[in-house]
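For reference, the structure discussed in these notes is given below.
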Amino acid sequence: SQTIHQWPATLVQPVGSPLSLECTVEGTSNPNLYWYRQAAGRGLQLLFYSVGIGQISSEVPQNLSASRPQDRQFILSSKKLLLSDSGFYLCAWSVRDSTPAFFGQGTRLTVV
Amino acid sequence: SQQGEEDPQALSIQEGENATMNCSYKTSINNLQWYRQNSGRGLVHLILIRSNEREKHSGRLRVTLDTSKKSSSLLITASRAADTASYFCATDSGNTPLVFGKGTRLSVIA
């Protein structure tokens with residue numbers, strides 16, 4: 001069966017520090033991968049998605065970047081965090097865009 | 001950008017009652033999906049309804065889709081305290097990632 005791992009679950013980082021969130025998927029090949037951000041009490045904002053290794057589409061210009069170094073690994077990064085980067089970050093995968101998405105448990109990032 | 005808009009934003013009901021949440025969207029879709037999110041957790045897929053379907057059932061869940069009105073509803077029958085969560089609709093417009101609404105926060109009071 002397929003599983004998705006996302007870590008860490010919580011993270012407190014100072015302003016200006018770097019960020020690296022990792023997401024891995026097991027049990028499937030060539031998944032579509034997604035990073036979403038959810039502000040408190042709000043909906044999900046799509047940040048990045050990838051349909052293959054090295055293929056990254058950015059939905060919102062911002063202080064973040066994403067990389068897909070391996071088929072089932074998706075990394076969200078920042079060189080210098082801003083206060084506004086605080087939020088709940090969710091990684092997800094799907095077979096293709098029109099199929100259900102499966103989410104990780106999320107990372108609660110607080111930038112202080 | 002967000003396409004789906006859920007209504008109401010928050011809903012509080014007694015255990016055993018039915019809960020109805022609505023979703024409106026703006027552009028044509030291939031399918032519409034509903035997800036559930038427990039507080040501080042990831043989203044869980046509940047049900048998918050295709051654009052050529054009008055109604056779908058899964059256990060205590062009933063989803064309807066009206067493409068002429070660009071709207072969908074999620075009905076949870078005989079609600080339980082464990083149904084307390086946020087519910088999101090998400091639209092698939094073909095060859096693009098899912099676009100999620102802002103969600104409805106459902107509280108079921110025992």
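Note on naming: chains are A, B, ... as they come in the structure tokens, residues start from 1 per chain, ligands start from 1 in the order shown.
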### Task
Write down as JSON, numbers by chain the residues belonging to stretch 4-103 of chain B that are assigned strand (DSSP E or B) by DSSP computed on the backbone.
{"B": [5, 6, 7, 10, 11, 12, 13, 14, 19, 20, 21, 22, 23, 24, 31, 32, 33, 34, 35, 36, 37, 43, 44, 45, 46, 47, 48, 49, 50, 55, 56, 57, 58, 61, 62, 63, 64, 65, 66, 71, 72, 73, 74, 75, 76, 85, 86, 87, 88, 89, 90, 91, 92, 99, 100]}
### Message
Just want the 7 Å neighbourhood of stretch 23-36 of chain B, counted on only C-alpha atoms, with same-chain residues fewer than 2 positions away dropped. Output as number ranges by chain.
### Response
B: 3-7, 21, 38, 43-51, 70-73, 85-94
Just the selected residues (N, CA, C and O atoms), exported as a CSV table (one decimal), in the first residue's frame, please.
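See out_28.csv below for the written result:
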chain,number,residue,atom,x,y,z
B,3,GLN,N,-10.9,28.3,-6.0
B,3,GLN,CA,-12.1,28.2,-6.9
B,3,GLN,C,-13.3,27.8,-6.0
B,3,GLN,O,-14.4,28.4,-6.2
B,4,GLY,N,-13.2,26.8,-5.2
B,4,GLY,CA,-14.3,26.4,-4.4
B,4,GLY,C,-14.5,27.2,-3.2
B,4,GLY,O,-13.6,27.7,-2.6
B,5,GLU,N,-15.8,27.5,-2.9
B,5,GLU,CA,-16.1,28.3,-1.7
B,5,GLU,C,-17.2,27.5,-1.0
B,5,GLU,O,-18.3,27.3,-1.5
B,6,GLU,N,-16.8,27.1,0.2
B,6,GLU,CA,-17.8,26.3,1.0
B,6,GLU,C,-18.7,27.2,1.8
B,6,GLU,O,-18.3,28.4,2.2
B,7,ASP,N,-19.8,26.7,2.1
B,7,ASP,CA,-20.8,27.5,2.9
B,7,ASP,C,-21.6,26.5,3.7
B,7,ASP,O,-22.1,25.5,3.2
B,21,MET,N,-23.3,20.7,3.9
B,21,MET,CA,-22.3,21.7,3.5
B,21,MET,C,-22.4,21.9,2.0
B,21,MET,O,-22.6,21.0,1.3
B,38,ASN,N,-9.1,16.7,10.3
B,38,ASN,CA,-9.1,16.8,11.7
B,38,ASN,C,-8.1,17.9,12.1
B,38,ASN,O,-7.1,18.1,11.4
B,43,LEU,N,-5.2,16.2,5.3
B,43,LEU,CA,-6.6,16.0,4.7
B,43,LEU,C,-6.8,14.5,4.3
B,43,LEU,O,-5.8,13.9,3.9
B,44,VAL,N,-8.0,14.1,4.5
B,44,VAL,CA,-8.3,12.7,4.1
B,44,VAL,C,-9.4,12.8,3.0
B,44,VAL,O,-10.4,13.5,3.2
B,45,HIS,N,-9.2,12.1,1.9
B,45,HIS,CA,-10.1,12.1,0.8
B,45,HIS,C,-11.4,11.3,1.2
B,45,HIS,O,-11.3,10.2,1.8
B,46,LEU,N,-12.6,11.9,1.0
B,46,LEU,CA,-13.8,11.3,1.3
B,46,LEU,C,-14.5,10.7,0.1
B,46,LEU,O,-14.9,9.5,0.1
B,47,ILE,N,-14.7,11.5,-0.9
B,47,ILE,CA,-15.5,11.1,-2.1
B,47,ILE,C,-15.2,12.0,-3.3
B,47,ILE,O,-14.9,13.1,-3.1
B,48,LEU,N,-15.3,11.4,-4.4
B,48,LEU,CA,-15.1,12.1,-5.7
B,48,LEU,C,-16.3,11.9,-6.6
B,48,LEU,O,-16.9,10.8,-6.7
B,49,ILE,N,-16.8,13.0,-7.1
B,49,ILE,CA,-18.0,12.9,-8.0
B,49,ILE,C,-17.5,13.5,-9.4
B,49,ILE,O,-17.0,14.6,-9.4
B,50,ARG,N,-17.8,12.8,-10.4
B,50,ARG,CA,-17.4,13.3,-11.8
B,50,ARG,C,-18.4,14.3,-12.3
B,50,ARG,O,-19.6,14.3,-11.9
B,51,SER,N,-18.0,15.0,-13.3
B,51,SER,CA,-18.9,16.1,-13.8
B,51,SER,C,-20.2,15.5,-14.5
B,51,SER,O,-21.1,16.3,-14.6
B,70,LYS,N,-23.0,25.2,-10.9
B,70,LYS,CA,-21.6,25.1,-10.4
B,70,LYS,C,-21.6,25.0,-8.9
B,70,LYS,O,-21.0,25.9,-8.2
B,71,SER,N,-22.3,24.0,-8.4
B,71,SER,CA,-22.4,23.8,-7.0
B,71,SER,C,-22.4,22.4,-6.6
B,71,SER,O,-22.9,21.5,-7.4
B,72,SER,N,-22.0,22.1,-5.4
B,72,SER,CA,-22.1,20.7,-4.9
B,72,SER,C,-22.5,20.8,-3.4
B,72,SER,O,-22.2,21.8,-2.7
B,73,SER,N,-23.0,19.7,-2.9
B,73,SER,CA,-23.3,19.7,-1.5
B,73,SER,C,-22.9,18.3,-0.9
B,73,SER,O,-22.9,17.3,-1.6
B,85,ALA,N,-14.9,18.1,12.4
B,85,ALA,CA,-13.7,18.3,11.6
B,85,ALA,C,-14.0,19.5,10.6
B,85,ALA,O,-15.1,20.0,10.6
B,86,SER,N,-13.0,19.8,9.8
B,86,SER,CA,-13.2,20.8,8.7
B,86,SER,C,-13.4,20.0,7.5
B,86,SER,O,-12.7,19.0,7.2
B,87,TYR,N,-14.3,20.4,6.6
B,87,TYR,CA,-14.6,19.7,5.4
B,87,TYR,C,-14.3,20.7,4.2
B,87,TYR,O,-14.7,21.8,4.2
B,88,PHE,N,-13.6,20.2,3.2
B,88,PHE,CA,-13.1,21.0,2.1
B,88,PHE,C,-13.6,20.4,0.8
B,88,PHE,O,-13.6,19.1,0.6
B,89,CYS,N,-14.1,21.2,-0.1
B,89,CYS,CA,-14.3,20.7,-1.5
B,89,CYS,C,-13.0,21.1,-2.3
B,89,CYS,O,-12.4,22.1,-2.0
B,90,ALA,N,-12.8,20.4,-3.3
B,90,ALA,CA,-11.7,20.6,-4.2
B,90,ALA,C,-12.1,20.3,-5.6
B,90,ALA,O,-12.7,19.3,-5.9
B,91,THR,N,-11.7,21.2,-6.5
B,91,THR,CA,-12.1,21.0,-7.9
B,91,THR,C,-10.9,20.6,-8.8
B,91,THR,O,-9.8,21.1,-8.6
B,92,ASP,N,-11.2,19.8,-9.8
B,92,ASP,CA,-10.2,19.4,-10.8
B,92,ASP,C,-10.7,19.9,-12.1
B,92,ASP,O,-11.8,19.4,-12.6
B,93,SER,N,-9.9,20.7,-12.7
B,93,SER,CA,-10.3,21.3,-14.0
B,93,SER,C,-9.6,20.7,-15.2
B,93,SER,O,-9.6,21.2,-16.3
B,94,GLY,N,-8.8,19.6,-14.9
B,94,GLY,CA,-8.1,19.0,-16.0
B,94,GLY,C,-6.7,19.5,-16.1
B,94,GLY,O,-6.5,20.6,-16.4
### Task
Give me, as a VMD selection string, the contact residues of chain B against chain A at a cut-off of 6 Å, counting only C-alpha atoms.
chain B and resid 41 to 43 92 95 to 97 100 to 102
### Summary
One decimal place gives the atom CA of A:Asp85-atom CA of A:Gly52 separation as 25.8 Å
